[in-house]
Amino acid sequence: MGLDSRMAIRIDMEALRSEAGPAVCAEADALLAAGQPEVVLSADGGASGVVRADGQPPCEAWAGVTADGFTTECDCPAVGEWCAHVVALVAAALRDGFEWSSTAASSSAVGQETKVARLMEIVGELPAQRVALLLAEHAATDRVLETRLLTYAGKLGPLTDAELADARRMIADLASQATSGDRWDLHDVEKAGRAIVEEVQVLVQRPATEGLLEVVEQAARAWDSIAVHLWDAWETYEEEPAEIGGALRDAHVHLCEQLQPDPDELAARLAEIIKAAEVDSCLDEPHDYLPVLGRQRVKALQQIHRAG
Ligand SMILES: [Zn+2]
């Protein structure tokens with residue numbers, strides 16, 4: 001999990017130069033010779049750098065891999081994909097051995113992978129029967145693990161229409177029961193949120209489908225609609241709304257990464273969900289969707305957030 005979204009990216013500088021054209025390349029070479037950009041930074045999973053040239057305002061260039069493929073950006077007035085700043089940035093990044101990846105990997109994710117690799121080595125030395133028993137014992141008390149195991153084994157396929165309908169009903173019921181009648185309190189809202197997260201985390205162990213994505217989006221909307229009560233009591237419930245919302249968003253992002261839905265359609269749905277939320281939507285972290293949406297769509301979604 002997660003390994004596939006961090007594929008190493010190879011950049012073909014020769015192809016890039018021929019696309020940029022000789023005039024742009026000559027200008028880029030002059031910038032490089034003058035030591036520009038001074039520093040290549042990792043930003044949004046790509047490389048970013050400020051390029052300064054005599055008598056010109058400094059330009060911030062960015063290049064990286066997004067949903068739209070290899071993408072470049074620069075705040076200079078040059079039109080088209082390639083300006084001298086971007087070419088100089090990419091050349092400097094390659095020269096410095098910059099590590100391109102399709103998404104920025106956090107250090108905690110890397111730490112987790114190291115731990116998994118170390119434990120896998122140990123598991124490999126155990127008798128298979130013992131490993132099977134250990135796994136079965138855990139799966140018997142952990143619905144997420146149980147579902148993942150059965151999905152791996154091919155015993156559970158994609159959710160059927162009936163299962164999707166059940167899931168939608170269960171999520172709607174959890175949300176509405178949390179605030180129905182006159183005896184509910186804020187703890188019921190938190191409990192409902194955690195129950196919705198648990199359902200979603202079990203569901204997303206099944207093979208990814210559009211129908212499953214819709215259910216997770218419904219869960220996010222349902223949580224948005226009841227989380228309002230906790231936001232109002234932020235002194236008591238300081239962490240919970242963000243924790244529950246974050247878990248739902250993680251599940252949604254993970255599904256999106258697997259499914260690679262049409263980025264324009266996904267952006268439109270996210271915009272709608274963000275606008276529909278009374279206070280804040282748990283899916284309103286556009287940056288988390290960078291690998292599936294691309295930089296421009298993420299920026300557009302961030303604008304909604306500011307306007308709202
Ligand atoms: Zn430029």
# chains A, B, ... in the order shown; residues from 1 in each chain; ligands from 1
call {"tool": "select_by_dssp", "arguments": {"residues": "region 4-250 of chain A", "states": "alpha helix (DSSP H)", "output": "CSV table (one decimal) with C-alpha atoms, in the first residue's frame"}}
result
chain,number,residue,atom,x,y,z
A,13,MET,CA,16.5,15.8,-20.4
A,14,GLU,CA,17.3,15.3,-24.1
A,15,ALA,CA,13.6,15.0,-25.0
A,16,LEU,CA,12.8,17.9,-22.8
A,17,ARG,CA,15.5,20.1,-24.4
A,18,SER,CA,14.2,19.4,-27.9
A,19,GLU,CA,10.7,20.2,-26.8
A,20,ALA,CA,11.8,23.5,-25.3
A,22,PRO,CA,17.2,25.9,-28.9
A,23,ALA,CA,16.5,29.6,-28.0
A,24,VAL,CA,15.0,28.6,-24.6
A,25,CYS,CA,17.8,26.1,-24.0
A,26,ALA,CA,20.5,28.7,-24.7
A,27,GLU,CA,18.9,31.1,-22.2
A,28,ALA,CA,18.6,28.2,-19.7
A,29,ASP,CA,22.3,27.3,-20.1
A,30,ALA,CA,23.2,30.9,-19.4
A,31,LEU,CA,21.2,30.9,-16.2
A,32,LEU,CA,22.8,27.6,-15.2
A,33,ALA,CA,26.3,29.0,-15.9
A,84,ALA,CA,14.3,29.1,-19.6
A,85,HIS,CA,13.6,29.1,-15.9
A,86,VAL,CA,11.8,25.7,-15.9
A,87,VAL,CA,14.5,24.2,-18.2
A,88,ALA,CA,17.2,25.5,-15.9
A,89,LEU,CA,15.4,24.2,-12.8
A,90,VAL,CA,14.9,20.7,-14.3
A,91,ALA,CA,18.6,20.6,-15.4
A,92,ALA,CA,19.8,21.7,-12.0
A,93,ALA,CA,17.6,19.2,-10.3
A,94,LEU,CA,18.9,16.3,-12.5
A,95,ARG,CA,22.5,17.5,-11.9
A,107,SER,CA,9.1,10.9,6.5
A,108,SER,CA,6.6,9.1,8.7
A,109,ALA,CA,5.4,7.0,5.7
A,110,VAL,CA,9.0,6.2,4.9
A,111,GLY,CA,9.6,5.1,8.6
A,112,GLN,CA,6.5,2.9,8.4
A,113,GLU,CA,7.8,1.2,5.2
A,114,THR,CA,11.1,0.5,6.8
A,115,LYS,CA,9.4,-1.1,9.8
A,116,VAL,CA,7.2,-3.2,7.4
A,117,ALA,CA,10.3,-4.3,5.5
A,118,ARG,CA,12.1,-5.3,8.7
A,119,LEU,CA,9.0,-7.2,10.1
A,120,MET,CA,8.6,-9.0,6.7
A,121,GLU,CA,12.1,-10.4,7.0
A,122,ILE,CA,11.2,-11.8,10.4
A,123,VAL,CA,7.9,-13.2,9.2
A,124,GLY,CA,9.7,-14.9,6.3
A,128,ALA,CA,4.0,-20.7,7.4
A,129,GLN,CA,1.5,-22.4,9.7
A,130,ARG,CA,2.4,-20.2,12.5
A,131,VAL,CA,2.1,-17.1,10.4
A,132,ALA,CA,-1.3,-18.2,9.2
A,133,LEU,CA,-2.5,-18.8,12.8
A,134,LEU,CA,-1.3,-15.4,13.9
A,135,LEU,CA,-3.0,-13.7,11.0
A,136,ALA,CA,-6.2,-15.6,11.4
A,137,GLU,CA,-6.3,-14.7,15.2
A,138,HIS,CA,-5.9,-11.1,14.4
A,139,ALA,CA,-8.4,-11.1,11.5
A,140,ALA,CA,-11.0,-12.7,13.8
A,141,THR,CA,-11.1,-9.6,16.0
A,143,ARG,CA,-13.0,-6.3,10.7
A,144,VAL,CA,-10.6,-4.3,8.6
A,145,LEU,CA,-8.0,-7.0,8.5
A,146,GLU,CA,-10.6,-9.7,8.0
A,147,THR,CA,-12.1,-7.9,5.0
A,148,ARG,CA,-8.6,-7.2,3.5
A,149,LEU,CA,-7.7,-10.9,3.9
A,150,LEU,CA,-10.9,-12.1,2.3
A,151,THR,CA,-10.4,-9.6,-0.5
A,152,TYR,CA,-6.8,-10.7,-1.1
A,161,ASP,CA,-25.4,-3.1,-5.7
A,162,ALA,CA,-27.2,-4.5,-2.6
A,163,GLU,CA,-24.1,-4.1,-0.4
A,164,LEU,CA,-23.6,-0.6,-1.7
A,165,ALA,CA,-27.3,0.2,-0.8
A,166,ASP,CA,-26.8,-1.3,2.6
A,167,ALA,CA,-23.7,0.7,3.2
A,168,ARG,CA,-25.5,4.0,2.1
A,169,ARG,CA,-28.4,3.2,4.4
A,170,MET,CA,-26.2,2.4,7.4
A,171,ILE,CA,-24.2,5.6,7.0
A,172,ALA,CA,-27.3,7.7,6.7
A,173,ASP,CA,-28.8,6.0,9.8
A,174,LEU,CA,-25.7,6.5,11.9
A,175,ALA,CA,-25.7,10.2,11.0
A,176,SER,CA,-29.4,10.8,11.6
A,177,GLN,CA,-29.7,8.8,14.8
A,178,ALA,CA,-26.8,10.7,16.3
A,186,LEU,CA,-22.3,15.7,21.6
A,187,HIS,CA,-20.8,12.4,22.6
A,188,ASP,CA,-23.4,10.7,20.3
A,189,VAL,CA,-22.1,12.7,17.4
A,190,GLU,CA,-18.5,11.7,18.1
A,191,LYS,CA,-19.6,8.1,18.5
A,192,ALA,CA,-21.5,8.2,15.2
A,193,GLY,CA,-18.5,9.7,13.5
A,194,ARG,CA,-16.2,6.9,14.7
A,195,ALA,CA,-18.8,4.3,13.6
A,196,ILE,CA,-18.9,5.9,10.1
A,197,VAL,CA,-15.1,5.8,9.9
A,198,GLU,CA,-15.1,2.2,10.9
A,199,GLU,CA,-17.6,1.2,8.3
A,200,VAL,CA,-15.7,3.2,5.6
A,201,GLN,CA,-12.4,1.6,6.6
A,202,VAL,CA,-13.9,-1.8,6.3
A,203,LEU,CA,-15.5,-1.0,2.9
A,210,GLU,CA,-17.0,4.1,-8.6
A,211,GLY,CA,-19.9,2.9,-6.5
A,212,LEU,CA,-17.6,2.6,-3.5
A,213,LEU,CA,-16.1,6.0,-4.1
A,214,GLU,CA,-19.7,7.5,-4.1
A,215,VAL,CA,-20.4,5.8,-0.7
A,216,VAL,CA,-17.3,7.3,0.8
A,217,GLU,CA,-18.2,10.7,-0.5
A,218,GLN,CA,-21.7,10.2,1.0
A,219,ALA,CA,-20.0,9.3,4.3
A,220,ALA,CA,-17.9,12.5,4.1
A,221,ARG,CA,-21.1,14.6,3.5
A,222,ALA,CA,-22.9,12.8,6.4
A,223,TRP,CA,-20.0,13.6,8.7
A,224,ASP,CA,-19.8,17.2,7.6
A,225,SER,CA,-23.5,17.6,8.4
A,226,ILE,CA,-23.2,16.4,12.0
A,227,ALA,CA,-19.7,17.5,12.7
A,228,VAL,CA,-21.1,21.1,12.8
A,229,HIS,CA,-22.3,20.4,16.4
A,230,LEU,CA,-18.7,19.5,17.5
A,231,TRP,CA,-17.2,22.5,15.8
A,232,ASP,CA,-19.6,24.6,18.0
A,240,GLU,CA,-12.1,14.8,17.3
A,241,PRO,CA,-13.7,16.5,14.3
A,242,ALA,CA,-10.3,16.8,12.5
A,243,GLU,CA,-9.3,13.2,13.5
A,244,ILE,CA,-12.6,11.7,12.2
A,245,GLY,CA,-12.7,13.9,9.1
A,246,GLY,CA,-9.1,13.1,8.4
A,247,ALA,CA,-9.7,9.4,8.5
A,248,LEU,CA,-12.6,9.8,6.0
A,249,ARG,CA,-10.4,11.9,3.8
A,250,ASP,CA,-7.5,9.4,3.9
call {"tool": "residues_near_ligand", "arguments": {"ligand": "ligand 1", "cutoff": "8 Å", "atoms": "only C-alpha atoms and all ligand atoms", "output": "ChimeraX atom specification"}}
result
/A:59-61,73-78,82-86
call {"tool": "atom_distance", "arguments": {"atom1": "CA of Pro158 (chain A)", "atom2": "CA of Pro207 (chain A)"}}
result
5.0 Å
call {"tool": "closest_residue", "arguments": {"among": "A:Glu99, A:Gln56, A:Leu293, A:Thr66", "to": "Glu265 (chain A)", "atoms": "only C-alpha atoms"}}
result
A:Leu293
call {"tool": "select_by_dssp", "arguments": {"residues": "region 3-133 of chain A", "states": "strand (DSSP E or B)", "output": "ChimeraX atom specification"}}
result
/A:8,41-43,46-51,59-66,69-74,101
call {"tool": "write_last_selection", "arguments": {"atoms": "C-alpha atoms", "output": "compact mmCIF listing (two decimals), in the first residue's frame"}}
result
# COMPACT_ATOMS: atom_id res chain seq x y z
CA ALA A 8 10.55 6.77 -9.14
CA LEU A 41 13.69 22.46 -3.21
CA SER A 42 11.21 19.63 -2.98
CA ALA A 43 7.67 21.01 -3.17
CA GLY A 46 8.16 18.03 -7.54
CA ALA A 47 11.11 20.39 -7.74
CA SER A 48 10.85 24.10 -7.13
CA GLY A 49 13.40 26.87 -7.41
CA VAL A 50 13.72 30.61 -7.66
CA VAL A 51 15.62 31.76 -10.74
CA CYS A 59 10.81 33.79 -11.12
CA GLU A 60 9.60 30.81 -9.17
CA ALA A 61 9.59 27.68 -11.33
CA TRP A 62 8.12 24.29 -10.48
CA ALA A 63 8.25 20.94 -12.28
CA GLY A 64 6.85 17.61 -11.21
CA VAL A 65 4.56 14.73 -11.97
CA THR A 66 0.84 15.22 -11.43
CA GLY A 69 1.76 13.84 -16.40
CA PHE A 70 5.01 15.80 -16.23
CA THR A 71 3.90 19.35 -15.51
CA THR A 72 5.74 22.64 -15.32
CA GLU A 73 4.86 26.02 -13.91
CA CYS A 74 6.56 29.35 -13.76
CA SER A 101 8.38 11.07 -7.24
